[in-house]
>>> print(open('query.tsv').read())   # TSV, C-alpha atoms and all ligand atoms
chain	number	residue	atom	x	y	z
G	1	MET	CA	-11.33	41.79	-1.60
G	2	SER	CA	-13.19	39.13	-3.58
G	3	GLU	CA	-12.00	38.25	-7.08
G	4	ALA	CA	-14.05	39.59	-10.00
G	5	ILE	CA	-15.16	36.81	-12.33
G	6	THR	CA	-17.11	37.29	-15.55
G	7	ILE	CA	-19.00	34.24	-16.78
G	8	LEU	CA	-19.89	34.24	-20.48
G	9	GLY	CA	-22.90	32.07	-21.28
G	10	GLY	CA	-23.87	32.68	-17.67
G	11	ARG	CA	-27.50	31.62	-18.11
G	12	GLY	CA	-26.71	28.37	-19.95
G	13	MET	CA	-26.71	24.96	-18.30
G	14	LEU	CA	-23.14	25.09	-17.00
G	15	GLY	CA	-22.87	28.88	-16.73
G	16	SER	CA	-25.85	29.22	-14.40
G	17	ASP	CA	-24.62	26.55	-11.95
G	18	LEU	CA	-21.13	28.03	-12.12
G	19	ALA	CA	-22.41	31.55	-11.43
G	20	ARG	CA	-24.32	30.33	-8.37
G	21	GLY	CA	-21.38	28.25	-7.10
G	22	MET	CA	-18.83	31.05	-7.52
G	23	ALA	CA	-21.10	33.62	-5.84
G	24	GLN	CA	-21.60	31.22	-2.91
G	25	GLY	CA	-17.82	30.80	-2.79
G	26	GLY	CA	-17.39	34.53	-2.21
G	27	TYR	CA	-16.38	35.62	-5.71
G	28	SER	CA	-17.81	38.76	-7.24
G	29	VAL	CA	-19.69	37.36	-10.24
G	30	GLN	CA	-20.95	38.98	-13.42
G	31	ALA	CA	-22.96	36.52	-15.55
G	32	LEU	CA	-23.56	37.54	-19.18
G	33	ASP	CA	-25.48	35.84	-21.96
G	34	LEU	CA	-27.49	36.48	-25.09
G	35	PRO	CA	-29.26	38.78	-25.80
G	36	GLU	CA	-27.41	41.49	-23.85
G	37	PHE	CA	-24.01	39.94	-24.53
G	38	ASP	CA	-22.87	38.45	-27.84
G	39	LEU	CA	-19.51	36.69	-27.79
G	40	THR	CA	-18.95	37.50	-31.47
G	41	LYS	CA	-19.18	41.29	-30.91
G	42	SER	CA	-15.90	42.95	-29.94
G	43	LYS	CA	-17.68	45.81	-28.15
G	44	ASP	CA	-19.54	43.31	-25.96
G	45	LEU	CA	-16.31	41.46	-25.25
G	46	ALA	CA	-14.52	44.63	-24.25
G	47	ARG	CA	-17.33	45.56	-21.84
G	48	ALA	CA	-17.44	42.02	-20.44
G	49	LEU	CA	-13.77	42.18	-19.48
G	50	ASP	CA	-14.02	45.60	-17.79
G	51	GLY	CA	-12.86	45.13	-14.21
G	52	ALA	CA	-12.61	41.33	-14.50
G	53	GLN	CA	-9.64	39.38	-13.19
G	54	VAL	CA	-10.93	36.08	-14.58
G	55	VAL	CA	-13.28	35.31	-17.46
G	56	VAL	CA	-14.92	31.90	-17.84
G	57	ASN	CA	-16.24	31.15	-21.30
G	58	CYS	CA	-19.26	28.83	-21.09
G	59	ALA	CA	-20.91	30.50	-24.10
G	60	ALA	CA	-21.09	28.33	-27.19
G	61	PHE	CA	-23.13	27.31	-30.20
G	62	THR	CA	-24.10	23.97	-28.66
G	63	ASN	CA	-26.64	22.57	-31.14
G	64	VAL	CA	-24.52	19.76	-32.54
G	65	ASP	CA	-26.87	18.85	-35.39
G	66	GLN	CA	-27.55	22.45	-36.46
G	67	ALA	CA	-23.80	23.06	-36.62
G	68	GLU	CA	-23.70	20.76	-39.66
G	69	THR	CA	-25.77	23.23	-41.73
G	70	GLN	CA	-24.76	26.43	-39.89
G	71	PHE	CA	-21.03	25.86	-39.74
G	72	ALA	CA	-20.09	29.50	-40.36
G	73	THR	CA	-22.12	30.60	-37.32
G	74	ALA	CA	-20.81	27.74	-35.17
G	75	LEU	CA	-17.25	28.62	-36.16
G	76	ALA	CA	-17.79	32.33	-35.47
G	77	VAL	CA	-19.01	31.62	-31.91
G	78	ASN	CA	-16.99	28.52	-30.98
G	79	GLY	CA	-13.83	29.36	-32.92
G	80	GLN	CA	-13.08	32.94	-33.99
G	81	ALA	CA	-14.75	34.66	-31.01
G	82	VAL	CA	-12.69	32.55	-28.59
G	83	GLY	CA	-9.53	33.78	-30.31
G	84	ALA	CA	-10.73	37.39	-30.00
G	85	LEU	CA	-11.49	36.78	-26.32
G	86	GLY	CA	-7.98	35.39	-25.83
G	87	THR	CA	-6.34	38.38	-27.52
G	88	LEU	CA	-8.30	40.94	-25.51
G	89	ALA	CA	-7.78	39.05	-22.26
G	90	LYS	CA	-4.04	38.96	-22.90
G	91	GLU	CA	-3.96	42.74	-23.45
G	92	ARG	CA	-5.82	43.28	-20.20
G	93	GLY	CA	-4.06	40.61	-18.13
G	94	VAL	CA	-7.27	38.64	-17.56
G	95	PHE	CA	-7.03	34.88	-16.89
G	96	VAL	CA	-9.24	32.87	-19.31
G	97	VAL	CA	-11.01	29.63	-18.43
G	98	HIS	CA	-12.50	28.10	-21.57
G	99	ILE	CA	-14.85	25.13	-21.71
G	100	SER	CA	-14.42	22.60	-24.49
G	101	THR	CA	-15.66	19.14	-25.36
G	102	ASP	CA	-14.93	15.46	-25.99
G	103	PHE	CA	-16.31	16.09	-29.51
G	104	VAL	CA	-12.79	17.22	-30.48
G	105	PHE	CA	-12.07	13.44	-30.58
G	106	ASP	CA	-13.36	10.88	-33.05
G	107	GLY	CA	-14.21	8.38	-30.28
G	108	ARG	CA	-12.38	5.52	-31.96
G	109	LEU	CA	-9.76	5.03	-29.24
G	110	ASP	CA	-10.22	1.89	-27.11
G	111	ARG	CA	-9.38	3.61	-23.81
G	112	PRO	CA	-10.33	6.87	-22.03
G	113	TYR	CA	-8.90	9.99	-23.68
G	114	THR	CA	-6.03	11.86	-22.02
G	115	GLU	CA	-5.08	15.49	-22.58
G	116	THR	CA	-2.17	14.44	-24.82
G	117	ASP	CA	-4.27	12.40	-27.26
G	118	PRO	CA	-4.44	14.11	-30.66
G	119	PRO	CA	-7.87	15.61	-31.48
G	120	CYS	CA	-9.66	14.49	-34.64
G	121	PRO	CA	-13.26	15.77	-34.73
G	122	ILE	CA	-15.85	13.91	-36.79
G	123	ASN	CA	-18.53	16.61	-36.97
G	124	ALA	CA	-18.86	20.34	-37.60
G	125	TYR	CA	-19.48	21.22	-33.93
G	126	GLY	CA	-16.29	19.36	-32.93
G	127	ARG	CA	-14.29	21.16	-35.63
G	128	SER	CA	-15.59	24.55	-34.46
G	129	LYS	CA	-14.76	23.77	-30.81
G	130	LEU	CA	-11.27	22.56	-31.71
G	131	GLU	CA	-10.68	25.80	-33.61
G	132	GLY	CA	-11.68	27.68	-30.42
G	133	GLU	CA	-9.08	25.79	-28.38
G	134	ARG	CA	-6.40	26.52	-30.97
G	135	ALA	CA	-7.35	30.18	-31.37
G	136	LEU	CA	-7.14	30.67	-27.60
G	137	GLN	CA	-3.73	28.97	-27.51
G	138	ARG	CA	-2.49	31.13	-30.41
G	139	ALA	CA	-3.57	34.31	-28.57
G	140	GLY	CA	-0.73	33.62	-26.14
G	141	GLY	CA	-2.26	34.86	-22.88
G	142	ALA	CA	-2.84	33.00	-19.61
G	143	TYR	CA	-5.55	30.38	-20.09
G	144	VAL	CA	-6.86	27.00	-19.03
G	145	ILE	CA	-9.12	24.82	-21.17
G	146	MET	CA	-11.36	22.33	-19.37
G	147	ARG	CA	-12.95	19.74	-21.66
G	148	VAL	CA	-16.19	18.19	-20.45
G	149	GLN	CA	-18.51	15.49	-21.85
G	150	TRP	CA	-22.09	14.23	-21.35
G	151	SER	CA	-23.12	17.27	-19.25
G	152	TYR	CA	-26.40	17.55	-17.43
G	153	GLY	CA	-27.85	20.15	-15.11
G	154	ARG	CA	-30.97	21.91	-13.98
G	155	HIS	CA	-31.06	24.59	-16.69
G	156	GLY	CA	-31.11	23.05	-20.12
G	157	ALA	CA	-32.18	20.17	-22.30
G	158	ASN	CA	-29.87	17.22	-21.86
G	159	PHE	CA	-29.86	13.43	-22.12
G	160	ILE	CA	-30.72	12.89	-18.43
G	161	THR	CA	-33.74	15.21	-18.31
G	162	LYS	CA	-35.01	13.82	-21.64
G	163	ILE	CA	-34.83	10.24	-20.33
G	164	VAL	CA	-36.55	11.26	-17.06
G	165	GLU	CA	-39.40	12.94	-18.99
G	166	ARG	CA	-39.89	10.02	-21.35
G	167	ALA	CA	-39.55	7.33	-18.68
G	168	ARG	CA	-42.22	9.08	-16.61
G	169	THR	CA	-44.72	8.59	-19.44
G	170	GLY	CA	-44.22	4.81	-19.12
G	171	ALA	CA	-43.39	4.57	-22.83
G	172	GLU	CA	-40.99	1.92	-24.07
G	173	LEU	CA	-37.57	3.51	-24.58
G	174	LYS	CA	-34.91	2.39	-27.02
G	175	VAL	CA	-31.54	3.78	-25.93
G	176	VAL	CA	-28.19	3.48	-27.66
G	177	ALA	CA	-25.84	1.02	-26.05
G	178	ASP	CA	-22.76	1.69	-28.18
G	179	GLN	CA	-21.91	5.22	-26.94
G	180	VAL	CA	-19.90	5.19	-23.72
G	181	GLY	CA	-19.03	8.05	-21.37
G	182	ALA	CA	-19.79	9.38	-17.91
G	183	PRO	CA	-22.82	11.58	-17.26
G	184	THR	CA	-21.39	14.59	-15.45
G	185	TRP	CA	-23.26	17.12	-13.34
G	186	THR	CA	-22.60	20.80	-14.04
G	187	VAL	CA	-22.44	21.39	-10.27
G	188	ASP	CA	-19.41	19.07	-10.07
G	189	MET	CA	-17.87	20.79	-13.11
G	190	ALA	CA	-18.31	24.14	-11.35
G	191	GLY	CA	-16.32	22.86	-8.35
G	192	ALA	CA	-13.44	21.82	-10.60
G	193	ILE	CA	-13.49	25.18	-12.42
G	194	GLU	CA	-13.27	27.01	-9.10
G	195	ARG	CA	-10.16	24.99	-8.25
G	196	LEU	CA	-8.55	25.79	-11.61
G	197	ILE	CA	-9.22	29.48	-11.01
G	198	ARG	CA	-8.00	29.45	-7.41
G	199	GLY	CA	-4.71	27.76	-8.39
G	200	ARG	CA	-4.37	29.71	-11.68
G	201	ARG	CA	-3.81	26.36	-13.36
G	202	GLU	CA	-2.90	26.73	-17.01
G	203	GLY	CA	-3.07	24.27	-19.91
G	204	LEU	CA	-5.56	21.56	-20.76
G	205	TYR	CA	-7.64	19.39	-18.41
G	206	HIS	CA	-10.29	16.70	-18.87
G	207	PHE	CA	-13.12	16.61	-16.33
G	208	ALA	CA	-15.91	14.04	-15.85
G	209	ASN	CA	-17.57	12.25	-12.98
G	210	THR	CA	-15.78	8.93	-12.50
G	211	GLY	CA	-16.76	5.53	-13.90
G	212	TYR	CA	-18.21	4.83	-17.31
G	213	ALA	CA	-21.47	3.57	-18.78
G	214	SER	CA	-23.34	3.35	-22.04
G	215	ARG	CA	-26.31	5.64	-22.59
G	216	PHE	CA	-28.53	2.55	-22.22
G	217	GLU	CA	-27.00	1.74	-18.81
G	218	VAL	CA	-27.48	5.35	-17.70
G	219	ALA	CA	-31.16	5.29	-18.76
G	220	ARG	CA	-31.68	2.05	-16.81
G	221	ALA	CA	-30.00	3.60	-13.74
G	222	ILE	CA	-32.35	6.60	-13.96
G	223	ALA	CA	-35.47	4.42	-14.11
G	224	GLN	CA	-34.20	2.39	-11.16
G	225	GLU	CA	-33.31	5.44	-9.06
G	226	LEU	CA	-36.71	7.07	-9.67
G	227	ASN	CA	-38.56	3.77	-9.50
G	228	LEU	CA	-40.13	4.31	-12.92
G	229	PRO	CA	-41.79	1.38	-14.67
G	230	ALA	CA	-40.37	2.24	-18.13
G	231	LYS	CA	-39.28	-0.62	-20.37
G	232	ILE	CA	-35.80	0.29	-21.62
G	233	THR	CA	-34.16	-1.68	-24.40
G	234	PRO	CA	-30.70	-1.30	-25.94
G	235	CYS	CA	-30.12	-0.39	-29.58
G	236	ALA	CA	-27.28	0.71	-31.87
G	237	SER	CA	-26.54	4.36	-32.78
G	238	GLU	CA	-27.57	3.52	-36.36
G	239	ALA	CA	-31.18	3.16	-35.12
G	240	PHE	CA	-31.25	6.94	-34.52
G	241	PRO	CA	-29.61	8.60	-37.53
G	242	THR	CA	-28.73	12.25	-36.81
G	243	PRO	CA	-27.20	14.93	-39.07
G	244	ALA	CA	-24.00	14.93	-36.97
G	245	THR	CA	-22.14	11.72	-36.18
G	246	ARG	CA	-21.42	11.29	-32.45
G	247	PRO	CA	-18.21	9.78	-31.10
G	248	LYS	CA	-18.83	6.34	-29.57
G	249	ASN	CA	-16.12	6.65	-26.94
G	250	SER	CA	-16.51	9.83	-24.85
G	251	ARG	CA	-14.55	8.48	-21.87
G	252	PHE	CA	-12.06	10.84	-20.25
G	253	ASN	CA	-9.03	9.96	-18.19
G	254	THR	CA	-9.31	12.46	-15.32
G	255	ALA	CA	-6.03	11.70	-13.50
G	256	LYS	CA	-4.49	15.08	-14.38
G	257	ILE	CA	-7.29	17.18	-12.91
G	258	GLN	CA	-7.82	14.82	-9.98
G	259	ALA	CA	-4.24	15.50	-8.90
G	260	ILE	CA	-5.03	19.18	-8.28
G	261	LEU	CA	-8.52	18.84	-6.78
G	262	ASP	CA	-9.14	19.03	-3.03
G	263	ARG	CA	-11.25	15.84	-2.96
G	264	PRO	CA	-11.89	12.74	-5.07
G	265	ILE	CA	-14.20	13.31	-8.06
G	266	ARG	CA	-17.57	11.70	-7.38
G	267	SER	CA	-18.77	8.71	-9.36
G	268	TRP	CA	-21.40	9.38	-12.03
G	269	GLN	CA	-23.84	7.22	-10.06
G	270	GLU	CA	-23.46	9.26	-6.85
G	271	ALA	CA	-23.78	12.63	-8.58
G	272	LEU	CA	-26.72	11.49	-10.70
G	273	ALA	CA	-28.56	10.06	-7.67
G	274	GLU	CA	-28.28	13.41	-5.87
G	275	PHE	CA	-29.43	15.30	-8.98
G	276	LEU	CA	-32.43	12.99	-9.45
G	277	GLN	CA	-33.45	13.11	-5.78
G	278	ASN	CA	-33.90	16.85	-6.18
G	279	ALA	CA	-35.42	16.71	-9.67
G	280	PRO	CA	-38.80	18.41	-9.99
G	281	ALA	CA	-41.61	15.81	-10.01
G	301	LIG	N1	-23.96	19.95	-22.88
G	301	LIG	C1	-23.00	19.02	-23.08
G	301	LIG	O1	-23.23	17.80	-23.03
G	301	LIG	C2	-21.59	19.48	-23.33
G	301	LIG	C3	-20.65	18.50	-23.58
G	301	LIG	C4	-19.34	18.89	-23.81
G	301	LIG	C5	-18.99	20.22	-23.78
G	301	LIG	N2	-19.94	21.16	-23.56
G	301	LIG	C6	-19.50	22.57	-23.53
G	301	LIG	O2	-19.86	23.12	-22.28
G	301	LIG	C7	-20.00	24.54	-22.42
G	301	LIG	C8	-21.28	24.99	-21.76
G	301	LIG	O3	-22.38	24.49	-22.51
G	301	LIG	P1	-23.79	24.15	-21.85
G	301	LIG	O4	-23.87	22.68	-21.72
G	301	LIG	O5	-23.98	25.00	-20.65
G	301	LIG	O6	-24.74	24.58	-23.06
G	301	LIG	P2	-25.85	25.74	-23.14
G	301	LIG	O7	-26.85	25.57	-22.06
G	301	LIG	O8	-26.31	25.70	-24.56
G	301	LIG	O9	-25.04	27.06	-22.85
G	301	LIG	C9	-24.42	27.83	-23.84
G	301	LIG	C10	-24.82	29.26	-23.63
G	301	LIG	O10	-24.15	30.08	-24.58
G	301	LIG	C11	-25.08	31.01	-25.09
G	301	LIG	N3	-24.65	31.51	-26.40
G	301	LIG	C12	-24.79	30.95	-27.63
G	301	LIG	N4	-24.28	31.77	-28.57
G	301	LIG	C13	-23.81	32.87	-27.93
G	301	LIG	C14	-23.19	34.08	-28.35
G	301	LIG	N5	-22.95	34.35	-29.63
G	301	LIG	N6	-22.87	35.00	-27.42
G	301	LIG	C15	-23.12	34.77	-26.10
G	301	LIG	N7	-23.70	33.66	-25.63
G	301	LIG	C16	-24.04	32.71	-26.54
G	301	LIG	C17	-26.38	30.23	-25.17
G	301	LIG	O11	-27.47	31.11	-25.30
G	301	LIG	P3	-28.79	30.58	-26.06
G	301	LIG	O12	-29.31	29.43	-25.25
G	301	LIG	O13	-29.69	31.79	-26.05
G	301	LIG	O14	-28.34	30.15	-27.42
G	301	LIG	C18	-26.34	29.49	-23.83
G	301	LIG	O15	-26.85	30.30	-22.78
G	301	LIG	C19	-19.90	24.84	-23.91
G	301	LIG	O16	-18.60	25.25	-24.20
G	301	LIG	C20	-20.13	23.48	-24.56
G	301	LIG	O17	-19.49	23.40	-25.81
G	301	LIG	C21	-21.23	20.83	-23.33
>>> encode(input="query.tsv", output="structure tokens")
Amino acid sequence: MSEAITILGGRGMLGSDLARGMAQGGYSVQALDLPEFDLTKSKDLARALDGAQVVVNCAAFTNVDQAETQFATALAVNGQAVGALGTLAKERGVFVVHISTDFVFDGRLDRPYTETDPPCPINAYGRSKLEGERALQRAGGAYVIMRVQWSYGRHGANFITKIVERARTGAELKVVADQVGAPTWTVDMAGAIERLIRGRREGLYHFANTGYASRFEVARAIAQELNLPAKITPCASEAFPTPATRPKNSRFNTAKIQAILDRPIRSWQEALAEFLQNAPA
């Protein structure tokens, strides 16, 4: 019999690709999202876990800048609700996969972050997500947390799709050159999550496509791949002040998760090229 997986945030950018991937992999998938499912409501949580063997939490308050002024809401969704999910899942013997973020770090380290590096968030969103990790750990059930960074996918606004849209207009683009990470496709994240579920891996893992680049280098790679004539110039983060400060170093060391995966993680260039080749014109 196929395993029953409930995906919370199942119509978001990651959740939708995960739901498709898991269904194709033979799992029995229930994908829930606002408005019919609210992570902060205990009745909704209880219903979501009915009959589930595994729950994957992709639901989150993801607007990083809004979190600065709506911290109580961000904390309720990204922090307290994750603790409630952990408690209920423990009672019911459900395995929890929770998605977290590089924004738990301040980005000041001069090397890629490992799972043992101490978190130190520099914005409200990061603080709310760190509280979610801790609340899930405190709940004491069986869980795995997979942190991701610089996500892109078909279903949602993200850095890659914004650059594609703007580069297609032929406008001159200024892109920050002092934030470094690895653009990572939600489809590749979904594959890693499936492996964590299949092996019932517990603990904390960092996942990203391999290699690193600045946002400026990524934008240039996009224009090149799509043969767009956009003029792209580098600038500093200070040229685009935002309510929330972003970490400059989002690089992840992925050795721990690589050791349990069935195949080598793809480079960011390879994954991005495949995504762009199939991007709507
Ligand atoms: N995108 C990135 O670059 C990035 C980087 C690092 C980590 N992450 C993490 O990756 C995970 C997946 O995010 P994503 O990129 O797929 O973002 P997303 O597209 O914004 O997905 C989040 C989903 O959660 C839903 N949601 C928000 N509040 C909810 C609530 N109270 N109850 C139920 N659902 C709720 C959202 O619905 P609405 O759209 O209706 O609000 C949305 O469908 C999150 O944990 C996020 O923190 C993302």
>>> residues_around(input="query.tsv", residues="G:Thr62", least_positions_apart="2", cutoff="12 Å", atoms="only C-alpha atoms", output="JSON, numbers by chain")
{"G": [9, 12, 13, 14, 58, 59, 60, 64, 65, 66, 67, 68, 70, 71, 73, 74, 75, 77, 78, 99, 100, 101, 103, 124, 125, 126, 128, 129, 151, 156, 157, 158]}
>>> closest_residue(input="query.tsv", among="G:Arg215, G:Arg200, G:His155, G:Lys248", to="ligand LIG 301 (chain G)", atoms="only C-alpha atoms and all ligand atoms")
G:His155
>>> atom_distance(input="query.tsv", atom1="atom CA of G:Phe61", atom2="atom N4 of ligand LIG 301 (chain G)")
4.9 Å
>>> axis_aligned_box(input="query.tsv", around="ligand LIG 301 (chain G)", padding_each_side="5 Å", output="lines of an AutoDock Vina configuration file")
center_x = -24.1
center_y = 26.4
center_z = -25.1
size_x = 21.1
size_y = 27.2
size_z = 19.0
>>> closest_residue(input="query.tsv", among="G:Tyr205, G:Arg220, G:Leu88, G:Arg134", to="G:Thr114", atoms="all atoms listed in the file")
G:Tyr205
>>> closest_residue(input="query.tsv", among="G:Cys120, G:Ile145, G:Ala89, G:Ala4", to="ligand LIG 301 (chain G)", atoms="all atoms listed in the file")
G:Ile145
>>> closest_residue(input="query.tsv", among="G:Asp38, G:Asp106, G:Asp117, G:Glu225", to="ligand LIG 301 (chain G)", atoms="all atoms listed in the file")
G:Asp38
>>> residues_around(input="query.tsv", residues="G:Ala52", least_positions_apart="5", cutoff="9 Å", atoms="all atoms listed in the file", output="ChimeraX atom specification")
/G:3-6,30,94-95
>>> atom_distance(input="query.tsv", atom1="atom CA of G:Glu131", atom2="atom CA of G:Gly83")
8.7 Å
